[in-house]
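K.L.:
Dropping the structure in here first, questions after.
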Amino acid sequence: MPTLPLSANISIMFTELPYLDRPAAARAAGFEQVESWWPFPGPDAAPDQVDELVATLDTAGVELSGLNFFGGDLSAGERGIACRPDRQEELELNTARLIGIARRTGCRAFNLLYGQLDDRWSAAEQRDTAIRAVQVAAAKLAEIDGVVLLEPLALGLNGSYPLVDGDDVVEMLTGPLRSTPNVRLLFDLFHLGSNGVDLVAAAERLAPWIGHVQLADSPGRGEPGSGELPIEETVKALVGTGYRGTIAAEYQPTGPTVETLSWVDGLDVVRGLR
């Protein structure tokens, strides 16, 4: 059975360190790839901020395997702006900055959070806005062979976020986005498992649409083994269906990050830490 590359999400792991120290810490722990939520407070980023980020990744010797679009104020509870008619200029600006980072780092996978529904607009109007936003972002990313990822999120933790299982995303991919080939499902075991999805069955059924995989256990969103999800079985099912992309660790460590990595050795379908 083939083995898959492993990435660490440095927005949620290695948080005992300042953000720009985390790529080197991840590399010291054995990771060759990292991914990140949008690392700047707003949709824009000054050239010197981007330069510092790129230099940090280069110096650490890690590949940037995934990056989120600006998702609003995540710490205040926002979960994306794609569906918001009043925030499309922010998203357009952010897309330009994100592509600039992509060109310099080689990153080609980008998570675009749908956003929470706002009762100032109808759900249909916000869905149409989100569809257009995805189409516009995907068209721009196609120029660099980039992929837009759409992610379901856990119920009860993310407000009125309407994508809660893989079928919600597949309905978009096979419907209004069927002519936009570089949009894929982000299969996050924590979010889907928290919503009661049968992860092994979903991995097999949704395989044609999966573009990226993230893992954390549930309940708690800790490292694999800290909860009750069938993580090893699900990852093996993904490999069995032909998934050959990155497996990203995106969990909240229950202790210092380097002390929560023993699960890697037991997951024989990912490449061990170097």
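Following the order of the structure tokens, chains are lettered A, B, ..., residues in each are numbered from 1, and ligands are numbered from 1.
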Can you list, as a list in words, every protein, DNA or RNA residue that comes within 9 Å of segment 128-136 of chain A when you count only C-alpha atoms, leaving out same-chain residues fewer than 4 positions away?

P.N.:
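Here the qualifying residues turn out to be Ile81, Ala82, Cys83, Arg84, Pro85, Gln88, Leu91, Glu92, Leu112, Tyr114, Gly115, Ala123, Ala124, Lys140, Leu141, Val148, Leu150, Met172, Pro176, Leu177, Thr180 and Val183 of chain A.
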
K.L.:
Could the residues in this selection be written to a file with N, CA, C and O atoms, as a PDB file, in the first residue's frame?

P.N.:
```pdb
ATOM      1  N   ILE A  81     -15.987  34.323   4.393  1.00  0.00           N
ATOM      2  CA  ILE A  81     -16.731  35.471   3.869  1.00  0.00           C
ATOM      3  C   ILE A  81     -17.242  35.231   2.452  1.00  0.00           C
ATOM      4  O   ILE A  81     -17.783  36.132   1.833  1.00  0.00           O
ATOM      5  N   ALA A  82     -17.086  34.014   1.935  1.00  0.00           N
ATOM      6  CA  ALA A  82     -17.444  33.759   0.535  1.00  0.00           C
ATOM      7  C   ALA A  82     -18.913  34.028   0.242  1.00  0.00           C
ATOM      8  O   ALA A  82     -19.259  34.481  -0.852  1.00  0.00           O
ATOM      9  N   CYS A  83     -19.797  33.768   1.195  1.00  0.00           N
ATOM     10  CA  CYS A  83     -21.231  33.926   0.947  1.00  0.00           C
ATOM     11  C   CYS A  83     -21.736  35.333   1.222  1.00  0.00           C
ATOM     12  O   CYS A  83     -22.924  35.618   0.991  1.00  0.00           O
ATOM     13  N   ARG A  84     -20.871  36.212   1.682  1.00  0.00           N
ATOM     14  CA  ARG A  84     -21.318  37.528   2.127  1.00  0.00           C
ATOM     15  C   ARG A  84     -21.279  38.540   0.975  1.00  0.00           C
ATOM     16  O   ARG A  84     -20.196  38.899   0.499  1.00  0.00           O
ATOM     17  N   PRO A  85     -22.436  39.042   0.536  1.00  0.00           N
ATOM     18  CA  PRO A  85     -22.444  40.024  -0.551  1.00  0.00           C
ATOM     19  C   PRO A  85     -21.657  41.286  -0.243  1.00  0.00           C
ATOM     20  O   PRO A  85     -21.128  41.921  -1.161  1.00  0.00           O
ATOM     21  N   GLN A  88     -17.208  40.895  -0.770  1.00  0.00           N
ATOM     22  CA  GLN A  88     -16.550  40.334  -1.949  1.00  0.00           C
ATOM     23  C   GLN A  88     -15.301  41.102  -2.352  1.00  0.00           C
ATOM     24  O   GLN A  88     -14.368  40.531  -2.922  1.00  0.00           O
ATOM     25  N   LEU A  91     -12.516  39.635  -0.420  1.00  0.00           N
ATOM     26  CA  LEU A  91     -12.121  38.336  -0.955  1.00  0.00           C
ATOM     27  C   LEU A  91     -11.310  38.496  -2.240  1.00  0.00           C
ATOM     28  O   LEU A  91     -10.330  37.776  -2.457  1.00  0.00           O
ATOM     29  N   GLU A  92     -11.691  39.447  -3.071  1.00  0.00           N
ATOM     30  CA  GLU A  92     -10.944  39.691  -4.307  1.00  0.00           C
ATOM     31  C   GLU A  92      -9.514  40.141  -3.994  1.00  0.00           C
ATOM     32  O   GLU A  92      -8.548  39.657  -4.607  1.00  0.00           O
ATOM     33  N   LEU A 112     -11.271  27.671   1.037  1.00  0.00           N
ATOM     34  CA  LEU A 112     -12.141  28.851   1.010  1.00  0.00           C
ATOM     35  C   LEU A 112     -13.382  28.554   1.842  1.00  0.00           C
ATOM     36  O   LEU A 112     -14.293  27.853   1.389  1.00  0.00           O
ATOM     37  N   TYR A 114     -16.910  28.851   3.430  1.00  0.00           N
ATOM     38  CA  TYR A 114     -18.171  29.351   2.870  1.00  0.00           C
ATOM     39  C   TYR A 114     -18.653  30.601   3.579  1.00  0.00           C
ATOM     40  O   TYR A 114     -19.086  31.570   2.943  1.00  0.00           O
ATOM     41  N   GLY A 115     -18.615  30.597   4.904  1.00  0.00           N
ATOM     42  CA  GLY A 115     -19.144  31.714   5.693  1.00  0.00           C
ATOM     43  C   GLY A 115     -20.442  31.351   6.379  1.00  0.00           C
ATOM     44  O   GLY A 115     -21.133  30.406   5.994  1.00  0.00           O
ATOM     45  N   ALA A 123     -30.945  32.895   2.230  1.00  0.00           N
ATOM     46  CA  ALA A 123     -29.974  31.814   2.067  1.00  0.00           C
ATOM     47  C   ALA A 123     -29.656  31.600   0.595  1.00  0.00           C
ATOM     48  O   ALA A 123     -28.498  31.319   0.237  1.00  0.00           O
ATOM     49  N   ALA A 124     -30.664  31.755  -0.261  1.00  0.00           N
ATOM     50  CA  ALA A 124     -30.447  31.579  -1.699  1.00  0.00           C
ATOM     51  C   ALA A 124     -29.511  32.642  -2.257  1.00  0.00           C
ATOM     52  O   ALA A 124     -28.629  32.349  -3.070  1.00  0.00           O
ATOM     53  N   LYS A 140      -9.071  32.203 -11.187  1.00  0.00           N
ATOM     54  CA  LYS A 140      -7.772  32.837 -10.987  1.00  0.00           C
ATOM     55  C   LYS A 140      -6.717  31.812 -10.578  1.00  0.00           C
ATOM     56  O   LYS A 140      -5.571  31.860 -11.039  1.00  0.00           O
ATOM     57  N   LEU A 141      -7.104  30.865  -9.727  1.00  0.00           N
ATOM     58  CA  LEU A 141      -6.148  29.851  -9.288  1.00  0.00           C
ATOM     59  C   LEU A 141      -5.813  28.864 -10.400  1.00  0.00           C
ATOM     60  O   LEU A 141      -4.732  28.254 -10.380  1.00  0.00           O
ATOM     61  N   VAL A 148      -9.295  25.118  -5.316  1.00  0.00           N
ATOM     62  CA  VAL A 148     -10.113  25.652  -4.237  1.00  0.00           C
ATOM     63  C   VAL A 148     -10.718  24.480  -3.469  1.00  0.00           C
ATOM     64  O   VAL A 148     -11.304  23.570  -4.068  1.00  0.00           O
ATOM     65  N   LEU A 150     -13.417  23.217  -0.456  1.00  0.00           N
ATOM     66  CA  LEU A 150     -14.617  23.587   0.298  1.00  0.00           C
ATOM     67  C   LEU A 150     -14.771  22.618   1.463  1.00  0.00           C
ATOM     68  O   LEU A 150     -14.768  21.396   1.273  1.00  0.00           O
ATOM     69  N   MET A 172     -22.816  20.949  -4.517  1.00  0.00           N
ATOM     70  CA  MET A 172     -22.316  22.134  -5.217  1.00  0.00           C
ATOM     71  C   MET A 172     -21.399  21.741  -6.382  1.00  0.00           C
ATOM     72  O   MET A 172     -21.470  22.309  -7.476  1.00  0.00           O
ATOM     73  N   PRO A 176     -24.016  23.604  -9.456  1.00  0.00           N
ATOM     74  CA  PRO A 176     -23.593  24.886 -10.033  1.00  0.00           C
ATOM     75  C   PRO A 176     -22.095  24.992 -10.308  1.00  0.00           C
ATOM     76  O   PRO A 176     -21.681  25.841 -11.087  1.00  0.00           O
ATOM     77  N   LEU A 177     -21.285  24.121  -9.697  1.00  0.00           N
ATOM     78  CA  LEU A 177     -19.836  24.175  -9.918  1.00  0.00           C
ATOM     79  C   LEU A 177     -19.342  23.051 -10.834  1.00  0.00           C
ATOM     80  O   LEU A 177     -18.135  22.823 -10.943  1.00  0.00           O
ATOM     81  N   THR A 180     -16.574  23.839 -13.118  1.00  0.00           N
ATOM     82  CA  THR A 180     -15.394  24.433 -12.468  1.00  0.00           C
ATOM     83  C   THR A 180     -14.581  23.291 -11.876  1.00  0.00           C
ATOM     84  O   THR A 180     -14.742  22.921 -10.715  1.00  0.00           O
ATOM     85  N   VAL A 183     -12.212  22.660  -8.132  1.00  0.00           N
ATOM     86  CA  VAL A 183     -12.823  22.827  -6.811  1.00  0.00           C
ATOM     87  C   VAL A 183     -13.054  21.434  -6.250  1.00  0.00           C
ATOM     88  O   VAL A 183     -13.600  20.569  -6.936  1.00  0.00           O
TER      89      VAL A 183
END
```

K.L.:
Have a look at atom CA of Gly211 of chain A and atom CA of Leu185 of chain A and let me know their distance in Å, one decimal.

P.N.:
5.5 Å

K.L.:
Tell me which protein, DNA and RNA residues are within 8 Å of Phe69 of chain A, counting only C-alpha atoms, leaving out same-chain ones fewer than 3 positions away, and put them as a PyMOL selection string.

P.N.:
chain A and resi 37-38+91+94-95+98+110-113

K.L.:
Identify which of the residues A:Ser65, A:Gln252, A:Ser262, A:Ser194 lies closest to Pro5 of chain A, counting only C-alpha atoms when measuring atom-to-atom distances.

P.N.:
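Using only C-alpha atoms, the shortest distance to Pro5 of chain A belongs to A:Ser65.
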
K.L.:
According to DSSP computed on the backbone, where in segment 65-225 of chain A is there strand (DSSP E or B)? Give the residues as a list in words.

P.N.:
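So, restricting segment 65-225 of chain A to strand (DSSP E or B), we get Ser65, Gly66, Leu67, Asn68, Gly80, Ala109, Phe110, Asn111, Tyr114, Val147, Val148, Leu149, Leu150, Val183, Arg184, Leu185, Leu186, Phe187, Asp188, Ile210, Gly211, His212, Val213, Gln214 and Leu215 of chain A.
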
K.L.:
Counting only C-alpha atoms, figure out which residue out of A:Val270, A:Val169, A:Leu229, A:Leu93 gets nearest to Ile247 of chain A.

P.N.:
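The shortest atom-to-atom distance to Ile247 of chain A comes from A:Val270.
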
K.L.:
So how far away is atom CA of Leu53 of chain A from atom CA of Arg103 of chain A, in Å?

P.N.:
13.2 Å

K.L.:
So which one's closest to Pro162 of chain A, A:Gly175, A:Pro224, A:Gly80, A:Pro219? Using only C-alpha atoms, please.

P.N.:
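Among the listed residues, A:Gly80 lies closest to Pro162 of chain A.
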
K.L.:
Where in segment 72-160 of chain A does DSSP assign helix (DSSP H, G or I), given as a VMD selection string?

P.N.:
chain A and resid 74 to 76 85 to 105 123 to 142

K.L.:
Which polymer residues have any atom within 10 Å of an atom of Ala102 of chain A, counting only C-alpha atoms, with same-chain residues fewer than 6 positions away left out, as JSON, numbers by chain?

P.N.:
{"A": [54, 64, 65, 66, 67, 96, 108, 109, 110, 141, 144, 146]}

K.L.:
Could you name the residues that touch Leu261 of chain A at 10 Å or less, counting only C-alpha atoms, but leaving out those on the same chain fewer than 6 positions away, as a ChimeraX atom specification?

P.N.:
/A:29-30,223-224,249,253,273

K.L.:
Write to file, as an mmCIF file, in the first residue's frame, the residues of the selection just made, with C-alpha atoms.

P.N.:
```cif
data_model
loop_
_atom_site.group_PDB
_atom_site.id
_atom_site.type_symbol
_atom_site.label_atom_id
_atom_site.label_comp_id
_atom_site.auth_asym_id
_atom_site.auth_seq_id
_atom_site.Cartn_x
_atom_site.Cartn_y
_atom_site.Cartn_z
ATOM 1 C CA ALA A 29 9.923 17.414 14.702
ATOM 2 C CA GLY A 30 10.258 15.702 11.325
ATOM 3 C CA GLU A 223 -4.316 14.277 18.367
ATOM 4 C CA PRO A 224 -5.344 10.876 16.942
ATOM 5 C CA ALA A 249 -2.537 16.986 10.977
ATOM 6 C CA PRO A 253 -2.380 19.088 20.958
ATOM 7 C CA LEU A 273 8.464 11.841 10.429
#
```

K.L.:
May I ask for the distance between atom CA of Asp168 of chain A and atom CA of Ile12 of chain A, given in Å to one decimal place?

P.N.:
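Between atom CA of Asp168 of chain A and atom CA of Ile12 of chain A the gap is 25.4 Å.
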
K.L.:
Of the candidates A:Ile101, A:Glu89, A:Pro23, A:Leu149, which one gets nearest to Pro43 of chain A if we count only C-alpha atoms?

P.N.:
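So, comparing all the options, the nearest one is A:Glu89.
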
K.L.:
For segment 20-87 of chain A against segment 153-160 of chain A, with a cut-off of 8 Å and counting only C-alpha atoms, what is the closest atom pair and its distance in Å to one decimal for every residue that makes the cut, ordered by chain and number, as a tab-separated table?

P.N.:
```
residue	atom	partner	partner_atom	distance
A:Gly77	CA	A:Asn158	CA	7.0
A:Glu78	CA	A:Asn158	CA	7.8
A:Arg79	CA	A:Asn158	CA	6.8
```

K.L.:
Counting only C-alpha atoms, which residue out of A:Ala248, A:Thr257, A:Leu199, A:Leu238 sits closest to Asn9 of chain A?

P.N.:
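The answer is A:Ala248, which sits nearest to Asn9 of chain A.
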
K.L.:
Identify, on the basis of only C-alpha atoms, every residue whose closest approach to Ala45 of chain A does not exceed 9 Å; exclude the query and any residue fewer than 4 positions from it along the same chain; express the result as a compact mmCIF listing (two decimals) with N, CA, C and O atoms, in the first residue's frame.

P.N.:
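Written out: out-v7.txt:
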```
# COMPACT_ATOMS: atom_id res chain seq x y z
N PHE A 40 -2.42 36.46 8.40
CA PHE A 40 -2.40 37.90 8.62
C PHE A 40 -3.77 38.36 9.14
O PHE A 40 -4.79 37.72 8.86
N PRO A 41 -3.83 39.45 9.87
CA PRO A 41 -5.09 39.85 10.52
C PRO A 41 -6.19 40.29 9.57
O PRO A 41 -7.37 40.22 9.93
N GLN A 49 5.59 41.64 5.03
CA GLN A 49 5.02 40.52 5.77
C GLN A 49 5.10 39.23 4.96
O GLN A 49 5.42 38.15 5.49
N VAL A 50 4.79 39.33 3.67
CA VAL A 50 4.88 38.16 2.80
C VAL A 50 6.33 37.70 2.67
O VAL A 50 6.62 36.50 2.74
N ASN A 94 -7.89 39.56 -1.21
CA ASN A 94 -7.20 38.45 -0.58
C ASN A 94 -6.74 37.42 -1.61
O ASN A 94 -5.64 36.87 -1.49
N ARG A 97 -3.49 38.44 -3.10
CA ARG A 97 -2.36 38.25 -2.19
C ARG A 97 -2.03 36.76 -2.03
O ARG A 97 -0.87 36.37 -1.98
```

K.L.:
Report as a list in words all protein, DNA and RNA residues lying within 12 Å of Thr56 of chain A, evaluated on only C-alpha atoms, omitting residues in the same chain fewer than 3 positions from it.

P.N.:
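Counting only the stated atoms, we get Tyr19, Leu20, Asp21, Arg22, Pro23, Ala24, Ala25, Ala26, Arg27, Val34, Gln49, Val50, Asp51, Glu52, Leu53, Thr59, Ala60, Gly61, Val62, Glu63, Leu64 and Thr105 of chain A.
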